[in-house]
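This is structure27.cif. It holds mmCIF, C-alpha atoms.
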data_final
loop_
_atom_site.group_PDB
_atom_site.id
_atom_site.type_symbol
_atom_site.label_atom_id
_atom_site.label_comp_id
_atom_site.auth_asym_id
_atom_site.auth_seq_id
_atom_site.Cartn_x
_atom_site.Cartn_y
_atom_site.Cartn_z
ATOM 1 C CA MET N 1 175.784 89.600 27.843
ATOM 2 C CA PRO N 2 172.604 91.697 28.125
ATOM 3 C CA ARG N 3 169.200 90.205 27.422
ATOM 4 C CA PRO N 4 168.626 90.064 23.645
ATOM 5 C CA THR N 5 166.280 92.648 22.154
ATOM 6 C CA THR N 6 166.683 91.809 18.454
ATOM 7 C CA LYS N 7 166.430 88.664 16.370
ATOM 8 C CA SER N 8 170.153 88.640 15.610
ATOM 9 C CA GLU N 9 171.030 89.117 19.290
ATOM 10 C CA LEU N 10 168.620 86.336 20.247
ATOM 11 C CA LEU N 11 170.104 83.877 17.762
ATOM 12 C CA ALA N 12 173.662 84.802 18.759
ATOM 13 C CA ALA N 13 172.908 84.520 22.486
ATOM 14 C CA ALA N 14 171.082 81.212 22.063
ATOM 15 C CA ASN N 15 173.940 79.712 20.082
ATOM 16 C CA ALA N 16 176.693 81.080 22.336
ATOM 17 C CA SER N 17 174.964 80.003 25.555
ATOM 18 C CA PHE N 18 174.184 76.564 24.124
ATOM 19 C CA LYS N 19 177.806 76.087 23.050
ATOM 20 C CA LYS N 20 179.105 77.106 26.496
ATOM 21 C CA LEU N 21 176.665 74.744 28.168
ATOM 22 C CA THR N 22 177.441 71.746 25.992
ATOM 23 C CA THR N 23 181.166 72.394 26.442
ATOM 24 C CA LEU N 24 180.650 72.231 30.214
ATOM 25 C CA TRP N 25 178.793 68.942 29.860
ATOM 26 C CA ASP N 26 181.478 67.550 27.565
ATOM 27 C CA GLY N 27 184.002 68.104 30.371
ATOM 28 C CA PHE N 28 182.453 65.424 32.558
ATOM 29 C CA THR N 29 183.602 61.840 32.513
ATOM 30 C CA PRO N 30 180.896 59.320 31.555
ATOM 31 C CA GLU N 31 180.652 58.332 35.218
ATOM 32 C CA GLN N 32 180.135 61.941 36.324
ATOM 33 C CA ALA N 33 177.623 62.586 33.551
ATOM 34 C CA HIS N 34 175.522 59.593 34.610
ATOM 35 C CA ALA N 35 175.891 59.880 38.385
ATOM 36 C CA PRO N 36 173.147 61.070 40.691
ATOM 37 C CA PHE N 37 173.775 64.577 41.968
ATOM 38 C CA PRO N 38 175.414 64.648 45.407
ATOM 39 C CA ALA N 39 173.310 65.679 48.397
ATOM 40 C CA ALA N 40 175.264 68.942 48.627
ATOM 41 C CA LEU N 41 173.968 69.974 45.199
ATOM 42 C CA LEU N 42 170.392 68.899 45.933
ATOM 43 C CA ALA N 43 170.509 71.222 48.948
ATOM 44 C CA GLY N 44 172.044 73.992 46.839
ATOM 45 C CA GLY N 45 169.267 76.527 47.095
ATOM 46 C CA THR N 46 165.683 77.272 47.914
ATOM 47 C CA GLU N 47 164.348 77.105 44.346
ATOM 48 C CA ALA N 48 162.432 73.935 43.487
ATOM 49 C CA HIS N 49 164.882 72.856 40.772
ATOM 50 C CA TRP N 50 167.636 72.129 43.309
ATOM 51 C CA GLN N 51 165.586 69.265 44.709
ATOM 52 C CA ARG N 52 163.789 68.361 41.467
ATOM 53 C CA ASP N 53 166.754 67.589 39.232
ATOM 54 C CA LYS N 54 168.524 64.474 40.486
ATOM 55 C CA CYS N 55 171.146 64.207 37.721
ATOM 56 C CA LEU N 56 172.417 65.948 34.599
ATOM 57 C CA ARG N 57 169.862 64.095 32.484
ATOM 58 C CA ASP N 58 167.067 65.838 34.366
ATOM 59 C CA VAL N 59 168.584 69.249 33.589
ATOM 60 C CA VAL N 60 168.997 68.351 29.905
ATOM 61 C CA ILE N 61 165.427 67.063 29.661
ATOM 62 C CA HIS N 62 164.086 70.190 31.340
ATOM 63 C CA LEU N 63 165.626 72.323 28.595
ATOM 64 C CA HIS N 64 164.344 70.018 25.857
ATOM 65 C CA GLU N 65 160.796 70.000 27.210
ATOM 66 C CA TRP N 66 160.741 73.799 27.474
ATOM 67 C CA HIS N 67 161.764 73.948 23.823
ATOM 68 C CA ASN N 68 158.768 71.726 23.131
ATOM 69 C CA LEU N 69 156.478 73.995 25.149
ATOM 70 C CA VAL N 70 157.489 77.003 23.063
ATOM 71 C CA THR N 71 157.342 75.307 19.673
ATOM 72 C CA VAL N 72 153.985 73.597 20.297
ATOM 73 C CA TRP N 73 152.516 76.844 21.625
ATOM 74 C CA VAL N 74 153.769 78.905 18.693
ATOM 75 C CA SER N 75 152.727 76.315 16.091
ATOM 76 C CA ALA N 76 149.199 76.002 17.463
ATOM 77 C CA ASN N 77 148.658 79.741 17.704
ATOM 78 C CA GLN N 78 150.141 80.391 14.259
ATOM 79 C CA ALA N 79 147.743 77.775 12.874
ATOM 80 C CA GLY N 80 144.818 79.687 14.360
ATOM 81 C CA THR N 81 144.187 77.552 17.431
ATOM 82 C CA LEU N 82 144.314 79.899 20.416
ATOM 83 C CA THR N 83 146.440 77.986 22.896
ATOM 84 C CA ASP N 84 147.855 78.864 26.307
ATOM 85 C CA PHE N 85 151.593 78.466 26.834
ATOM 86 C CA PHE N 86 151.192 75.588 29.285
ATOM 87 C CA PRO N 87 149.017 72.562 28.556
ATOM 88 C CA GLU N 88 145.996 72.199 30.828
ATOM 89 C CA PRO N 89 145.788 72.024 33.798
ATOM 90 C CA TYR N 90 149.069 73.943 34.177
ATOM 91 C CA THR N 91 149.434 77.704 34.514
ATOM 92 C CA TRP N 92 152.144 80.144 35.553
ATOM 93 C CA ARG N 93 150.981 79.514 39.126
ATOM 94 C CA ASN N 94 151.483 75.746 39.132
ATOM 95 C CA TYR N 95 153.985 74.974 36.370
ATOM 96 C CA ALA N 96 156.434 73.519 38.921
ATOM 97 C CA ALA N 97 154.276 70.388 38.821
ATOM 98 C CA LEU N 98 154.734 70.244 35.040
ATOM 99 C CA ASN N 99 158.502 70.473 35.473
ATOM 100 C CA GLU N 100 158.303 67.543 37.893
ATOM 101 C CA GLN N 101 156.215 65.628 35.359
ATOM 102 C CA PHE N 102 158.946 66.115 32.743
ATOM 103 C CA VAL N 103 161.460 64.479 35.083
ATOM 104 C CA ARG N 104 159.117 61.546 35.776
ATOM 105 C CA GLN N 105 158.369 61.075 32.067
ATOM 106 C CA HIS N 106 162.045 60.698 31.259
ATOM 107 C CA GLN N 107 163.245 58.320 33.958
ATOM 108 C CA ASN N 108 164.060 55.761 31.253
ATOM 109 C CA THR N 109 165.714 58.288 28.935
ATOM 110 C CA THR N 110 169.490 57.994 28.965
ATOM 111 C CA TYR N 111 171.745 61.001 29.377
ATOM 112 C CA GLU N 112 172.994 60.505 25.818
ATOM 113 C CA ALA N 113 169.459 60.297 24.417
ATOM 114 C CA ALA N 114 168.525 63.425 26.372
ATOM 115 C CA ARG N 115 171.495 65.267 24.852
ATOM 116 C CA ASP N 116 170.372 64.161 21.380
ATOM 117 C CA LEU N 117 166.801 65.312 22.050
ATOM 118 C CA LEU N 118 168.070 68.667 23.270
ATOM 119 C CA ALA N 119 170.377 69.177 20.290
ATOM 120 C CA ALA N 120 167.458 68.506 17.940
ATOM 121 C CA SER N 121 164.989 70.718 19.816
ATOM 122 C CA HIS N 122 167.574 73.516 20.030
ATOM 123 C CA GLN N 123 167.871 73.464 16.237
ATOM 124 C CA HIS N 124 164.078 73.344 15.912
ATOM 125 C CA VAL N 125 163.659 76.409 18.143
ATOM 126 C CA LEU N 126 166.335 78.288 16.199
ATOM 127 C CA GLY N 127 164.542 77.465 12.956
ATOM 128 C CA MET N 128 161.290 78.702 14.421
ATOM 129 C CA ILE N 129 162.944 81.947 15.551
ATOM 130 C CA GLU N 130 164.431 82.396 12.071
ATOM 131 C CA SER N 131 160.930 82.222 10.577
ATOM 132 C CA PHE N 132 159.842 85.423 12.343
ATOM 133 C CA SER N 133 160.825 89.000 11.611
ATOM 134 C CA ASN N 134 162.489 91.174 14.205
ATOM 135 C CA ASP N 135 159.216 93.071 14.696
ATOM 136 C CA GLU N 136 157.216 89.865 15.099
ATOM 137 C CA LEU N 137 159.666 88.695 17.736
ATOM 138 C CA PHE N 138 160.242 91.847 19.745
ATOM 139 C CA THR N 139 157.184 94.078 19.431
ATOM 140 C CA LYS N 140 155.152 93.614 22.593
ATOM 141 C CA LYS N 141 151.624 92.349 21.908
ATOM 142 C CA HIS N 142 152.420 91.856 18.198
ATOM 143 C CA PHE N 143 150.599 88.559 18.556
ATOM 144 C CA GLY N 144 147.528 88.633 20.779
ATOM 145 C CA TRP N 145 148.405 85.213 22.170
ATOM 146 C CA THR N 146 151.638 86.492 23.769
ATOM 147 C CA GLY N 147 149.675 88.612 26.210
ATOM 148 C CA THR N 148 151.448 91.774 27.320
ATOM 149 C CA THR N 149 154.921 90.671 26.258
ATOM 150 C CA SER N 150 156.668 89.690 23.040
ATOM 151 C CA LEU N 151 157.247 86.351 21.373
ATOM 152 C CA GLY N 152 160.970 87.078 21.551
ATOM 153 C CA SER N 153 160.779 87.285 25.322
ATOM 154 C CA TYR N 154 159.425 83.739 25.455
ATOM 155 C CA CYS N 155 162.162 82.606 23.065
ATOM 156 C CA VAL N 156 164.901 84.237 25.159
ATOM 157 C CA SER N 157 163.519 82.512 28.245
ATOM 158 C CA ALA N 158 163.429 79.103 26.549
ATOM 159 C CA THR N 159 166.917 79.413 25.067
ATOM 160 C CA SER N 160 169.737 81.658 26.274
ATOM 161 C CA SER N 161 168.286 82.420 29.717
ATOM 162 C CA HIS N 162 167.491 78.768 30.342
ATOM 163 C CA TYR N 163 170.936 77.715 29.097
ATOM 164 C CA LYS N 164 172.553 80.146 31.551
ATOM 165 C CA TRP N 165 170.466 78.657 34.366
ATOM 166 C CA ALA N 166 171.586 75.147 33.369
ATOM 167 C CA ALA N 167 175.221 76.265 33.111
ATOM 168 C CA LYS N 168 175.072 77.737 36.619
ATOM 169 C CA LYS N 169 173.713 74.465 37.967
ATOM 170 C CA THR N 170 176.281 72.475 35.983
ATOM 171 C CA ARG N 171 179.158 74.603 37.328
ATOM 172 C CA ALA N 172 177.859 74.067 40.869
ATOM 173 C CA TYR N 173 177.971 70.306 40.230
ATOM 174 C CA ALA N 174 181.513 70.569 38.843
ATOM 175 C CA ARG N 175 182.674 72.555 41.899
ATOM 176 C CA ILE N 176 181.341 69.869 44.225
ATOM 177 C CA LEU N 177 183.083 67.165 42.203
ATOM 178 C CA ALA N 178 186.359 69.105 42.356
ATOM 179 C CA ARG N 179 186.402 69.197 46.175
#
structure tokens encoding of this file:
Amino acid sequence: MPRPTTKSELLAAANASFKKLTTLWDGFTPEQAHAPFPAALLAGGTEAHWQRDKCLRDVVIHLHEWHNLVTVWVSANQAGTLTDFFPEPYTWRNYAALNEQFVRQHQNTTYEAARDLLAASHQHVLGMIESFSNDELFTKKHFGWTGTTSLGSYCVSATSSHYKWAAKKTRAYARILAR
């Protein structure tokens, strides 16, 4: 599926990717869903997330917290408070540390609670997307606070693109379990 360029495509892609992802997660036994990732998965690639996420809960929480980043950012800017996407002191150069903070913050969050948080934040993001017109979402620089890109681009990244990333990681976990 190509990257969405309209509001209807964005909503369809977000919902379809979310459904595929949650179906993958539903295929795990409770033991598999709660287990630490095997060493083979933690060594799965060079990107930081392979070592950062130690279990499915960490992946779920990552998605939930990125929903929060988008909705807080949009809400503040829509209310007239010019706000950067990342909370201080984080930027696009050092946001990996923020991702690590999300994992640390949720060490006492259960997998089930993380799934509930994600389901709620997914619906919240969809509602936020619904509140904007197609032009507001996909016209670059429509809002000054989106910089050189569009609000829709941020929404795609926080929803369907992120869900595809999580599904890829989840399938890698499932392949290791199937060995």
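The residue set within 6 Å of segment 31-43 of chain N, counting all atoms listed in the file and dropping same-chain residues fewer than 5 places from it, reads Trp50, Gln51, Lys54 and Cys55 of chain N.
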Let's have the selection written as a PDB file, in the frame of the given file, with C-alpha atoms.
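So part-v1.pdb came out as:
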ATOM      1  CA  TRP N  50     167.636  72.129  43.309  1.00  0.00           C
ATOM      2  CA  GLN N  51     165.586  69.265  44.709  1.00  0.00           C
ATOM      3  CA  LYS N  54     168.524  64.474  40.486  1.00  0.00           C
ATOM      4  CA  CYS N  55     171.146  64.207  37.721  1.00  0.00           C
TER       5      CYS N  55
END
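You can rank N:Lys141, N:Arg175, N:Lys7, N:Arg57 by their closest distance to Thr110 of chain N using all atoms listed in the file, and at the top of that list sits N:Arg57.
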Q: Take atom CA of Thr83 of chain N and atom CA of Ala114 of chain N and report the distance between them in Å, one decimal.
A: 26.7 Å
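Note that the spacing between atom CA of Ile129 of chain N and atom CA of Arg171 of chain N amounts to 28.1 Å.
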(Q) I'd like the contact shell of Val72 of chain N - 12 Å cut-off, only C-alpha atoms, skipping same-chain residues fewer than 4 positions apart - returned as JSON, numbers by chain. (A) {"N": [65, 66, 67, 68, 76, 77, 78, 79, 81, 82, 83, 84, 85, 86, 87, 121, 124, 125, 128]}
Q | All residues 9 Å or closer to segment 18-24 of chain N, all atoms listed in the file, same chain fewer than 2 positions away omitted, as a list in words | A | Ala13, Ala14, Asn15, Ala16, Asp26, Gly27, Phe28, Arg115, His122, Thr159, Ser160, Tyr163, Lys164, Ala166, Ala167, Thr170, Arg171 and Ala174 of chain N
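Here atom CA of Phe132 of chain N and atom CA of Thr148 of chain N stand 18.3 Å from one another.
Residue nearest Leu118 of chain N within the list N:Ile176, N:Pro4, N:Gly44, N:Ile61: N:Ile61 [criterion: smallest interatomic distance, only C-alpha atoms].
Considering only C-alpha atoms, the residue among N:Ser8, N:His162, N:Phe102, N:Glu136 positioned nearest to Ser150 of chain N is N:Glu136.
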So for segment 134-146 of chain N, what box centre and size do we get, axis-aligned, 8 Å extra on each of the six sides, every listed atom, Å to one decimal, as JSON?
{"center_x": 155.0, "center_y": 89.6, "center_z": 19.0, "size_x": 31.0, "size_y": 24.9, "size_z": 25.6}
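Compared by their closest atoms to Thr71 of chain N, and using all atoms listed in the file, the residues N:Gln107, N:Thr149, N:Gln123, N:Thr139 rank with N:Gln123 nearest.
Closest approach to Ala97 of chain N from the set N:Arg52, N:Lys168, N:Arg3, N:His142 is made by N:Arg52, with distances taken over all atoms listed in the file.
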Q: Find the spatial neighbours of His49 of chain N, counting only C-alpha atoms, within a cut-off of 10 Å - ignore same-chain residues fewer than 3 positions away - and output them as a list in words.
A: Leu42, Gly44, Gly45, Thr46, Arg52, Asp53, Lys54, Asp58, Val59, His62, Ala96, Asn99, Glu100 and Lys169 of chain N
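Between Val156 of chain N and the residues N:Leu137, N:Gln105, N:Leu177, N:Gly127, the shortest atom-to-atom distance, using only C-alpha atoms, involves N:Leu137.
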